[in-house]
$ cat structure-v6.cif   # mmCIF, C-alpha atoms
data_data
#
loop_
_atom_site.label_atom_id
_atom_site.label_comp_id
_atom_site.auth_asym_id
_atom_site.auth_seq_id
_atom_site.Cartn_x
_atom_site.Cartn_y
_atom_site.Cartn_z
CA MET A 1072 71.64 88.89 127.15
CA SER A 1073 70.41 85.99 129.15
CA GLY A 1074 67.16 84.15 128.85
CA GLU A 1075 65.30 81.50 130.75
CA LYS A 1076 65.57 77.93 129.61
CA GLU A 1077 62.54 75.70 130.03
CA LYS A 1078 62.94 72.23 128.71
CA SER A 1079 59.64 71.01 127.34
CA THR A 1080 60.10 68.08 124.99
CA VAL A 1081 62.84 65.61 124.17
CA THR A 1082 62.55 63.13 121.32
CA SER A 1083 65.05 60.63 120.02
CA ALA A 1084 66.04 59.59 116.53
CA PRO A 1085 66.62 55.87 115.81
CA PRO A 1086 69.45 54.48 117.95
CA SER A 1087 72.99 54.09 116.65
CA PRO A 1088 74.20 50.64 115.68
CA SER A 1089 76.90 50.96 118.34
CA PRO A 1090 75.51 49.64 121.65
CA SER A 1091 77.74 51.97 123.67
CA SER A 1092 76.65 55.22 122.02
CA VAL A 1093 73.89 57.59 123.10
CA ALA A 1094 71.07 58.07 120.61
CA PRO A 1095 70.88 61.45 118.86
CA SER A 1096 68.26 63.70 120.43
CA VAL A 1097 66.06 66.67 119.62
CA GLU A 1098 65.10 68.96 122.50
CA PHE A 1099 62.69 71.89 122.49
CA SER A 1100 63.34 74.68 124.98
CA LYS A 1101 63.15 78.42 125.59
CA GLY A 1102 66.11 80.51 124.47
CA ILE A 1103 67.02 84.19 124.76
CA ASN A 1104 64.03 86.45 125.51
CA GLY A 1105 61.83 83.35 125.72
CA LEU A 1106 62.09 82.60 122.00
CA GLN A 1107 61.59 78.91 121.28
CA LYS A 1108 64.60 76.97 120.08
CA VAL A 1109 65.46 73.41 119.12
CA ILE A 1110 68.67 71.74 120.31
CA LEU A 1111 70.05 68.90 118.19
CA ARG A 1112 72.56 66.60 119.90
CA GLU A 1113 74.63 63.98 118.13
CA SER A 1114 75.79 60.80 119.85
CA ARG A 1115 79.48 61.78 119.98
CA GLY A 1116 78.80 65.17 121.56
CA SER A 1117 78.36 67.68 118.74
CA SER A 1118 75.30 69.93 118.83
CA ALA A 1119 73.34 72.61 116.99
CA GLU A 1120 70.75 75.15 118.10
CA VAL A 1121 67.95 76.40 115.88
CA TYR A 1122 65.57 79.25 116.72
CA LEU A 1123 62.08 78.97 115.27
CA TYR A 1124 62.32 82.72 114.77
CA GLY A 1125 63.92 82.91 111.34
CA GLY A 1126 64.40 79.12 111.08
CA HIS A 1127 67.81 80.30 112.22
CA VAL A 1128 70.77 78.09 113.21
CA THR A 1129 72.55 80.09 115.94
CA SER A 1130 75.06 77.50 117.19
CA TRP A 1131 77.01 74.56 115.82
CA LYS A 1132 79.51 72.91 118.16
CA ASN A 1133 81.91 70.04 117.56
CA ASP A 1134 82.33 67.07 119.90
CA HIS A 1135 84.81 69.12 122.00
CA GLY A 1136 82.16 71.76 122.61
CA GLU A 1137 83.94 74.33 120.43
CA GLU A 1138 81.64 76.83 118.71
CA LEU A 1139 82.04 76.76 114.94
CA LEU A 1140 79.64 79.54 113.97
CA PHE A 1141 80.04 83.23 114.75
CA LEU A 1142 77.22 84.90 116.69
CA SER A 1143 77.70 88.56 117.55
CA SER A 1144 77.88 89.40 121.25
CA LYS A 1145 75.51 92.25 120.35
CA ALA A 1146 73.01 90.11 118.44
CA ILE A 1147 69.45 91.28 119.09
CA PHE A 1148 67.02 88.43 119.79
CA LYS A 1149 63.97 90.64 119.46
CA PRO A 1150 61.58 90.45 116.48
CA PRO A 1151 61.40 91.94 113.92
CA LYS A 1152 65.20 92.41 114.03
CA ALA A 1153 67.12 89.60 112.31
CA ILE A 1154 69.66 87.70 114.44
CA ARG A 1155 73.26 88.75 113.67
CA GLY A 1156 75.32 85.62 113.06
CA GLY A 1157 74.77 81.89 112.73
CA ILE A 1158 73.02 80.94 109.48
CA PRO A 1159 70.32 83.44 108.44
CA ILE A 1160 68.06 82.32 105.60
CA CYS A 1161 67.86 84.89 102.78
CA PHE A 1162 64.55 84.35 100.94
CA PRO A 1163 62.79 85.34 98.70
CA GLN A 1164 65.44 87.97 98.05
CA PHE A 1165 69.17 88.13 98.60
CA ALA A 1166 70.52 91.53 99.73
CA SER A 1167 68.99 94.35 97.68
CA HIS A 1168 68.49 92.26 94.52
CA GLY A 1169 64.80 93.18 94.30
CA THR A 1170 62.11 95.39 95.79
CA LEU A 1171 61.86 93.83 99.25
CA ASP A 1172 63.77 94.78 102.38
CA GLN A 1173 67.38 93.61 102.63
CA HIS A 1174 67.62 89.78 102.41
CA GLY A 1175 63.86 89.23 102.18
CA PHE A 1176 61.60 88.20 105.07
CA ALA A 1177 62.22 84.52 105.89
CA ARG A 1178 64.91 85.43 108.46
CA ASN A 1179 62.50 87.50 110.55
CA ARG A 1180 59.39 85.35 110.50
CA PHE A 1181 58.34 82.69 112.99
CA TRP A 1182 58.60 79.23 111.45
CA ALA A 1183 56.58 76.22 112.59
CA VAL A 1184 57.72 72.67 113.23
CA ASP A 1185 56.64 70.57 110.23
CA GLU A 1186 54.81 67.67 111.81
CA ASP A 1187 54.23 65.79 108.55
CA PRO A 1188 57.03 66.51 106.05
CA PRO A 1189 57.08 64.73 102.70
CA PRO A 1190 59.65 61.95 102.55
CA PHE A 1191 63.28 62.91 102.03
CA PRO A 1192 65.50 60.80 99.77
CA THR A 1193 68.35 61.08 102.27
CA ASN A 1194 68.90 58.58 105.06
CA THR A 1195 68.12 59.99 108.52
CA LEU A 1196 69.35 57.00 110.53
CA ASN A 1197 71.67 58.17 113.33
CA LYS A 1198 70.97 61.84 112.63
CA ALA A 1199 69.37 64.36 114.96
CA PHE A 1200 67.12 66.53 112.81
CA VAL A 1201 64.19 68.91 112.84
CA ASP A 1202 61.80 69.81 110.04
CA LEU A 1203 60.49 73.38 109.86
CA ILE A 1204 57.98 75.02 107.55
CA LEU A 1205 57.21 78.60 106.53
CA LYS A 1206 54.08 79.75 104.69
CA PRO A 1207 53.27 83.36 103.81
CA SER A 1208 51.03 85.42 106.06
CA GLU A 1209 48.48 87.91 104.73
CA GLU A 1210 51.03 90.65 105.39
CA ASP A 1211 53.69 88.74 103.45
CA MET A 1212 51.31 88.38 100.51
CA LYS A 1213 50.92 92.17 100.39
CA ILE A 1214 54.65 92.74 99.88
CA TRP A 1215 55.35 89.56 97.86
CA PRO A 1216 52.06 88.28 96.36
CA HIS A 1217 52.92 84.63 95.94
CA SER A 1218 51.80 81.52 97.75
CA PHE A 1219 54.57 79.10 98.73
CA GLU A 1220 55.57 76.35 101.10
CA TYR A 1221 59.16 76.49 102.33
CA ARG A 1222 60.28 73.31 104.07
CA LEU A 1223 63.63 73.29 105.85
CA ARG A 1224 65.33 70.24 107.33
CA ILE A 1225 68.28 70.86 109.65
CA ALA A 1226 70.23 67.71 110.50
CA LEU A 1227 73.32 66.86 112.50
CA GLY A 1228 75.19 63.80 111.23
CA PRO A 1229 77.16 61.18 113.18
CA GLY A 1230 80.47 62.96 112.51
CA GLY A 1231 79.08 66.32 113.57
CA ASP A 1232 78.43 67.53 110.02
CA LEU A 1233 75.62 70.09 109.76
CA MET A 1234 73.17 69.71 106.87
CA LEU A 1235 70.48 72.17 105.76
CA THR A 1236 68.06 71.18 103.02
CA SER A 1237 65.56 73.74 101.70
CA ARG A 1238 62.57 72.75 99.60
CA ILE A 1239 60.51 75.62 98.21
CA ARG A 1240 57.29 74.94 96.33
CA ASN A 1241 55.06 77.27 94.34
CA THR A 1242 51.49 76.81 95.64
CA ASN A 1243 49.94 79.68 93.66
CA SER A 1244 46.37 78.87 92.64
CA ASP A 1245 46.30 81.57 89.95
CA GLY A 1246 48.67 79.71 87.63
CA LYS A 1247 51.42 82.31 87.97
CA PRO A 1248 55.12 81.47 88.33
CA PHE A 1249 57.36 83.30 90.77
CA SER A 1250 61.09 83.98 90.95
CA PHE A 1251 63.39 84.35 93.96
CA THR A 1252 67.01 84.68 94.97
CA PHE A 1253 68.41 82.83 97.96
CA ALA A 1254 71.37 82.37 100.30
CA TYR A 1255 72.42 80.48 103.40
CA HIS A 1256 74.20 83.50 104.96
CA THR A 1257 76.64 81.41 107.02
CA TYR A 1258 78.88 83.20 109.54
CA PHE A 1259 81.93 81.03 110.28
CA SER A 1260 83.90 81.55 113.50
CA VAL A 1261 87.60 82.09 112.77
CA SER A 1262 90.56 82.79 115.04
CA ASP A 1263 91.92 85.77 113.09
CA ILE A 1264 90.65 86.89 109.68
CA SER A 1265 94.22 87.69 108.60
CA GLU A 1266 95.13 84.01 109.11
CA VAL A 1267 92.30 82.62 106.97
CA ARG A 1268 92.30 81.55 103.33
CA VAL A 1269 89.49 80.31 101.12
CA GLU A 1270 90.09 77.73 98.40
CA GLY A 1271 87.84 76.72 95.52
CA LEU A 1272 87.07 80.18 94.12
CA GLU A 1273 90.33 80.83 92.28
CA THR A 1274 90.06 82.18 88.70
CA LEU A 1275 86.27 82.55 88.92
CA ASP A 1276 84.23 85.56 87.89
CA TYR A 1277 82.59 87.59 90.64
CA LEU A 1278 80.36 90.60 91.12
CA ASP A 1279 81.91 93.16 93.47
CA ASN A 1280 79.23 94.76 95.64
CA LEU A 1281 81.76 97.42 96.69
CA GLN A 1282 82.04 98.50 93.05
CA ASN A 1283 78.40 98.64 91.93
CA LYS A 1284 78.25 94.90 91.22
CA GLU A 1285 80.85 95.25 88.47
CA ARG A 1286 82.12 91.92 87.14
CA PHE A 1287 85.76 90.88 87.67
CA THR A 1288 87.83 87.69 87.50
CA GLU A 1289 89.55 86.46 90.66
CA GLN A 1290 93.34 86.44 90.50
CA GLY A 1291 95.80 84.48 92.65
CA ASP A 1292 95.88 81.07 94.27
CA ALA A 1293 93.46 81.49 97.17
CA LEU A 1294 91.46 84.23 98.86
CA THR A 1295 93.07 86.01 101.81
CA PHE A 1296 91.75 89.04 103.68
CA GLU A 1297 93.27 92.44 104.37
CA SER A 1298 90.25 94.73 103.98
CA GLU A 1299 86.48 94.78 103.50
CA VAL A 1300 85.15 92.20 101.04
CA ASP A 1301 81.66 91.73 99.57
CA LYS A 1302 81.73 89.57 96.46
CA ILE A 1303 79.35 87.21 94.68
CA TYR A 1304 81.32 84.43 92.98
CA LEU A 1305 79.57 82.87 89.99
CA SER A 1306 79.33 79.27 88.73
CA THR A 1307 81.20 78.00 91.77
CA PRO A 1308 82.20 74.39 92.50
CA THR A 1309 80.13 72.23 94.82
CA LYS A 1310 82.95 72.24 97.39
CA ILE A 1311 84.70 75.23 99.01
CA ALA A 1312 87.29 75.12 101.82
CA ILE A 1313 87.91 77.72 104.52
CA ILE A 1314 91.29 77.15 106.16
CA ASP A 1315 91.98 78.66 109.59
CA HIS A 1316 95.74 78.37 110.05
CA GLU A 1317 95.79 79.45 113.68
CA LYS A 1318 93.18 76.92 114.81
CA LYS A 1319 94.51 74.29 112.40
CA ARG A 1320 90.91 73.78 111.34
CA THR A 1321 89.35 73.53 107.90
CA PHE A 1322 85.68 74.12 107.18
CA VAL A 1323 84.47 72.23 104.13
CA LEU A 1324 81.32 73.65 102.55
CA ARG A 1325 79.43 71.41 100.15
CA LYS A 1326 76.40 72.62 98.29
CA ASP A 1327 73.94 71.64 95.63
CA GLY A 1328 71.37 73.67 93.72
CA LEU A 1329 73.28 76.81 94.74
CA PRO A 1330 75.60 77.92 91.93
CA ASP A 1331 76.91 81.10 93.56
CA ALA A 1332 79.01 81.79 96.65
CA VAL A 1333 79.01 85.10 98.53
CA VAL A 1334 82.11 86.09 100.54
CA TRP A 1335 81.65 88.90 103.06
CA ASN A 1336 83.53 90.59 105.88
CA PRO A 1337 82.55 94.16 106.87
CA TRP A 1338 86.00 95.12 108.25
CA ASP A 1339 86.45 97.89 110.81
CA LYS A 1340 84.49 100.88 109.52
CA LYS A 1341 81.27 99.02 108.70
CA ALA A 1342 81.59 96.93 111.88
CA LYS A 1343 81.51 100.13 113.94
CA ALA A 1344 78.46 101.33 112.01
CA MET A 1345 76.38 98.25 112.90
CA ALA A 1346 74.55 98.46 116.23
CA ASP A 1347 74.28 94.67 116.55
CA PHE A 1348 77.95 93.96 115.77
CA GLY A 1349 80.99 94.48 118.01
CA ASP A 1350 83.61 96.95 116.79
CA ASP A 1351 86.37 94.32 116.61
CA GLU A 1352 84.25 91.24 115.88
CA TYR A 1353 85.04 91.39 112.17
CA LYS A 1354 88.42 89.86 113.07
CA HIS A 1355 86.74 86.65 114.21
CA MET A 1356 84.18 85.95 111.48
CA LEU A 1357 83.88 85.27 107.79
CA CYS A 1358 80.72 84.77 105.78
CA VAL A 1359 80.92 82.25 102.94
CA GLU A 1360 77.40 81.80 101.67
CA ALA A 1361 75.97 79.15 99.36
CA ALA A 1362 73.60 81.13 97.15
CA ALA A 1363 71.49 81.48 94.02
CA VAL A 1364 71.76 85.16 93.18
CA GLU A 1365 72.95 85.96 89.65
CA LYS A 1366 70.16 83.97 88.00
CA ALA A 1367 66.91 83.95 89.96
CA VAL A 1368 65.15 80.61 90.47
CA THR A 1369 61.75 80.51 88.73
CA LEU A 1370 59.04 78.06 89.76
CA LYS A 1371 55.75 77.37 88.01
CA PRO A 1372 52.77 76.35 90.19
CA GLY A 1373 53.39 72.89 91.61
CA GLU A 1374 57.13 73.00 90.97
CA GLU A 1375 59.63 72.57 93.77
CA TRP A 1376 63.25 73.74 94.12
CA LYS A 1377 65.78 72.14 96.40
CA GLY A 1378 68.99 73.70 97.72
CA ARG A 1379 71.32 71.81 100.03
CA LEU A 1380 74.21 72.89 102.23
CA GLU A 1381 76.52 70.58 104.16
CA LEU A 1382 79.17 71.90 106.55
CA SER A 1383 82.07 69.90 107.98
CA ALA A 1384 84.84 71.03 110.31
CA VAL A 1385 87.98 68.91 110.15
CA PRO A 1386 91.51 69.26 111.51
CA SER A 1387 93.71 70.83 108.85
CA SER A 1388 96.14 68.34 107.39
CA TYR A 1389 97.32 71.11 105.16
CA CYS A 1390 100.22 70.53 102.79
CA SER A 1391 101.00 72.01 99.38
CA GLY A 1392 97.61 73.65 99.18
CA GLN A 1393 95.67 70.42 99.50
CA LEU A 1394 93.14 69.29 102.05
CA ASP A 1395 93.65 65.92 103.67
CA PRO A 1396 92.72 63.74 100.66
CA GLN A 1397 91.53 60.85 102.81
CA ARG A 1398 89.06 62.98 104.75
CA VAL A 1399 87.85 64.77 101.64
CA ALA A 1400 87.41 61.51 99.75
CA CYS A 1401 85.43 60.17 102.68
CA CYS A 1402 83.19 63.24 102.75
CA ASP A 1403 82.66 63.08 99.01
CA ASN A 1404 80.97 59.73 99.43
CA TYR A 1405 77.82 61.57 100.51
CA GLY A 1406 77.14 62.53 96.88
CA PHE A 1407 74.52 65.02 95.73
CA VAL A 1408 71.38 64.39 93.76
CA ASP A 1409 69.46 67.54 94.68
CA GLY A 1410 69.34 71.02 93.24
CA LYS A 1411 66.93 70.33 90.43
CA VAL A 1412 63.55 71.92 89.85
CA SER A 1413 61.10 69.06 89.85
CA GLN A 1414 57.35 68.69 89.61
CA ALA A 1415 56.06 68.20 93.15
CA LYS A 1416 54.07 65.05 93.62
#
$ encode --input "structure-v6.cif" --output "C-alpha cells"
Amino acid sequence: MSGEKEKSTVTSAPPSPSPSSVAPSVEFSKGINGLQKVILRESRGSSAEVYLYGGHVTSWKNDHGEELLFLSSKAIFKPPKAIRGGIPICFPQFASHGTLDQHGFARNRFWAVDEDPPPFPTNTLNKAFVDLILKPSEEDMKIWPHSFEYRLRIALGPGGDLMLTSRIRNTNSDGKPFSFTFAYHTYFSVSDISEVRVEGLETLDYLDNLQNKERFTEQGDALTFESEVDKIYLSTPTKIAIIDHEKKRTFVLRKDGLPDAVVWNPWDKKAKAMADFGDDEYKHMLCVEAAAVEKAVTLKPGEEWKGRLELSAVPSSYCSGQLDPQRVACCDNYGFVDGKVSQAK
C-alpha cells in the first residue's frame, strides 16, 4: 500500500552539545491511507515512526537506515483493524486473558498528542520524543466501565535506543479500583528465525499457550526456534537479549514494571491462516514482549502505574554466550526507577 505524505509540522528538541550535530526532530505527517504519523529523528541518523492510530510504533531504524522492527507486507492500515507488526500496545487486556476482544482496545483507538504532559523524571535532553494520551470514549466505557488516562512517551535516544514509557492512571470518580493486563507486543526483524537465540529466560517458569496455559520450566541454555512458540515467561529479569547470528546483531530489551515476557512466532501453518501476514514472513520476525500478564495490575482511584521498555540494537560481540560486556555495562548506566504503583500527584 502507498499513501500520501504531507508534512505539516516540524519541531526540534534541545540541541546537542556537539556543535557539528543536527538537533533531534519531531515531524508530523500523513502516512498510509492518510493516517497521521509522527517521525522521530535522532542527530546521528536513527529514526522511528509512530502512528496516532493505536499509539503504534511501526518503524525503528538505526543510523544506517536498517529497519529493526518487523512490519508485515500485508499489514492493514485501516481502522478498526490493528496494524500487524511494529509495537502494538496491549491494554487493558493481553490476549484472551479477560472478557474483551483479543489484546484489548488501545491498539485500535486513535490517540491524541499530549500537549501538557506531567513532568517525567527522565532527562529528555538530546532526545527526539512525542507524548501521546488515550482516554476512554463512551463506547469504551460500555465494554470496560472504567475511567483512565493512559500517557505514552516514545523517545529516541542519542545512540538510537528506542524508549517507551507508559503511565496509566485510574481516574474513576466512583471510588472503584480497576485491574488490567498489559504488553508491548514488539515484533523484532530477524534475518532467519532458525539463526536466532534468546538469552535471559533460561530455567524460568512459563505458561504455554499452545498447551492450555499449562506451567512448565524452561530447559537448556538459550531459546532457539524450530516450530511454533507462544509462551509467557514469568518473573523475568529486567534485561533480555535477542541474538541474530546471521546479521551479527543483538537486540537488548530492558524493562521495568513488566515482570513477564511473552515469546511468540506463529510458524508456517498459523502464518498462512492470517490474512494480514505473509505466508513465509514468520521466518523473519520474532515477538519478545515486555508484559504484565500473570498477575494483573490493580489501581485504586488516583493511583498510577508505570511500565518502561528500552530497546537497543548493537553489533554482536558474541563469545562464550556473553554479550559485549563493555556495551552492556554502558547501557546499564541508564538505571531504572520506574515500575511502581504510586499515588498520582
$ closest_residue --input "structure-v6.cif" --among "A:Leu1142, A:Leu1275, A:Ala1199, A:Val1364" --to "A:Cys1161" --atoms "only C-alpha atoms"
A:Val1364
$ resolve_selection --input "structure-v6.cif" --expression "the PyMOL selection byres ((chain A and resi 1373) around 6)" --output "PyMOL selection string"
chain A and resi 1241-1242+1372+1374+1415
$ closest_residue --input "structure-v6.cif" --among "A:Phe1176, A:Phe1200, A:Phe1219, A:Tyr1258" --to "A:Ile1110" --atoms "all atoms listed in the file"
A:Phe1200
$ atom_distance --input "structure-v6.cif" --atom1 "atom CA of A:Ala1254" --atom2 "atom CA of A:Tyr1277"
15.7 Å
$ resolve_selection --input "structure-v6.cif" --expression "the PyMOL selection byres ((chain A and resi 1255) around 10)" --output "PyMOL selection string"
chain A and resi 1127+1157-1162+1165+1235+1237+1253-1254+1256-1258+1329+1332-1333+1358-1363+1378-1380
$ closest_residue --input "structure-v6.cif" --among "A:Asp1315, A:Glu1297, A:Asp1351, A:Asp1279" --to "A:Val1334" --atoms "all atoms listed in the file"
A:Asp1279
$ resolve_selection --input "structure-v6.cif" --expression "the PyMOL selection byres ((chain A and resi 1352) around 9)" --output "PyMOL selection string"
chain A and resi 1143-1144+1338-1339+1342+1348-1351+1353-1356
$ residues_near_point --input "structure-v6.cif" --point "(92.7, 69.3, 114.1)" --cutoff "7 Å" --atoms "only C-alpha atoms" --output "MDAnalysis selection string"
chainID A and resid 1319:1320 1385:1387
$ residues_around --input "structure-v6.cif" --residues "A:Gly1116" --least-positions-apart "6" --cutoff "10 Å" --atoms "all atoms listed in the file" --output "ChimeraX atom specification"
/A:1093,1095,1132-1136,1229-1231
$ closest_residue --input "structure-v6.cif" --among "A:Ala1312, A:Gly1105, A:Ser1298, A:Asp1232" --to "A:Glu1270" --atoms "only C-alpha atoms"
A:Ala1312
$ closest_residue --input "structure-v6.cif" --among "A:Val1109, A:Leu1205, A:Ala1384, A:Leu1357" --to "A:Gly1156" --atoms "only C-alpha atoms"
A:Leu1357
$ closest_residue --input "structure-v6.cif" --among "A:Arg1325, A:Lys1206, A:Lys1341, A:Lys1247" --to "A:Leu1233" --atoms "all atoms listed in the file"
A:Arg1325
$ atom_distance --input "structure-v6.cif" --atom1 "atom CA of A:Leu1294" --atom2 "atom CA of A:Asn1336"
12.4 Å
$ residues_around --input "structure-v6.cif" --residues "A:Asp1185" --least-positions-apart "4" --cutoff "6 Å" --atoms "only C-alpha atoms" --output "PyMOL selection string"
chain A and resi 1202-1204
$ atom_distance --input "structure-v6.cif" --atom1 "atom CA of A:Lys1213" --atom2 "atom CA of A:Phe1181"
17.4 Å
$ axis_aligned_box --input "structure-v6.cif" --around "stretch 1207-1213 of chain A" --padding-each-side "6 Å" --output "AutoDock Vina command-line options"
--center_x 51.1 --center_y 87.8 --center_z 103.2 --size_x 17.2 --size_y 20.8 --size_z 17.7
$ residues_around --input "structure-v6.cif" --residues "stretch 1146-1151 of chain A" --least-positions-apart "2" --cutoff "9 Å" --atoms "all atoms listed in the file" --output "list of chain:residue names"
A:Met1072, A:Ile1103, A:Asn1104, A:Leu1106, A:Tyr1124, A:Leu1142, A:Ser1143, A:Ser1144, A:Ala1153, A:Ile1154, A:Arg1155, A:Gly1156, A:Asn1179, A:Arg1180, A:Ala1346, A:Asp1347, A:Phe1348
$ write_last_selection --input "structure-v6.cif" --atoms "C-alpha atoms" --output "PDB file, in the frame of the given file"
ATOM      1  CA  MET A1072      71.640  88.890 127.150  1.00  0.00           C
ATOM      2  CA  ILE A1103      67.020  84.190 124.760  1.00  0.00           C
ATOM      3  CA  ASN A1104      64.030  86.450 125.510  1.00  0.00           C
ATOM      4  CA  LEU A1106      62.090  82.600 122.000  1.00  0.00           C
ATOM      5  CA  TYR A1124      62.320  82.720 114.770  1.00  0.00           C
ATOM      6  CA  LEU A1142      77.220  84.900 116.690  1.00  0.00           C
ATOM      7  CA  SER A1143      77.700  88.560 117.550  1.00  0.00           C
ATOM      8  CA  SER A1144      77.880  89.400 121.250  1.00  0.00           C
ATOM      9  CA  ALA A1153      67.120  89.600 112.310  1.00  0.00           C
ATOM     10  CA  ILE A1154      69.660  87.700 114.440  1.00  0.00           C
ATOM     11  CA  ARG A1155      73.260  88.750 113.670  1.00  0.00           C
ATOM     12  CA  GLY A1156      75.320  85.620 113.060  1.00  0.00           C
ATOM     13  CA  ASN A1179      62.500  87.500 110.550  1.00  0.00           C
ATOM     14  CA  ARG A1180      59.390  85.350 110.500  1.00  0.00           C
ATOM     15  CA  ALA A1346      74.550  98.460 116.230  1.00  0.00           C
ATOM     16  CA  ASP A1347      74.280  94.670 116.550  1.00  0.00           C
ATOM     17  CA  PHE A1348      77.950  93.960 115.770  1.00  0.00           C
TER      18      PHE A1348
END
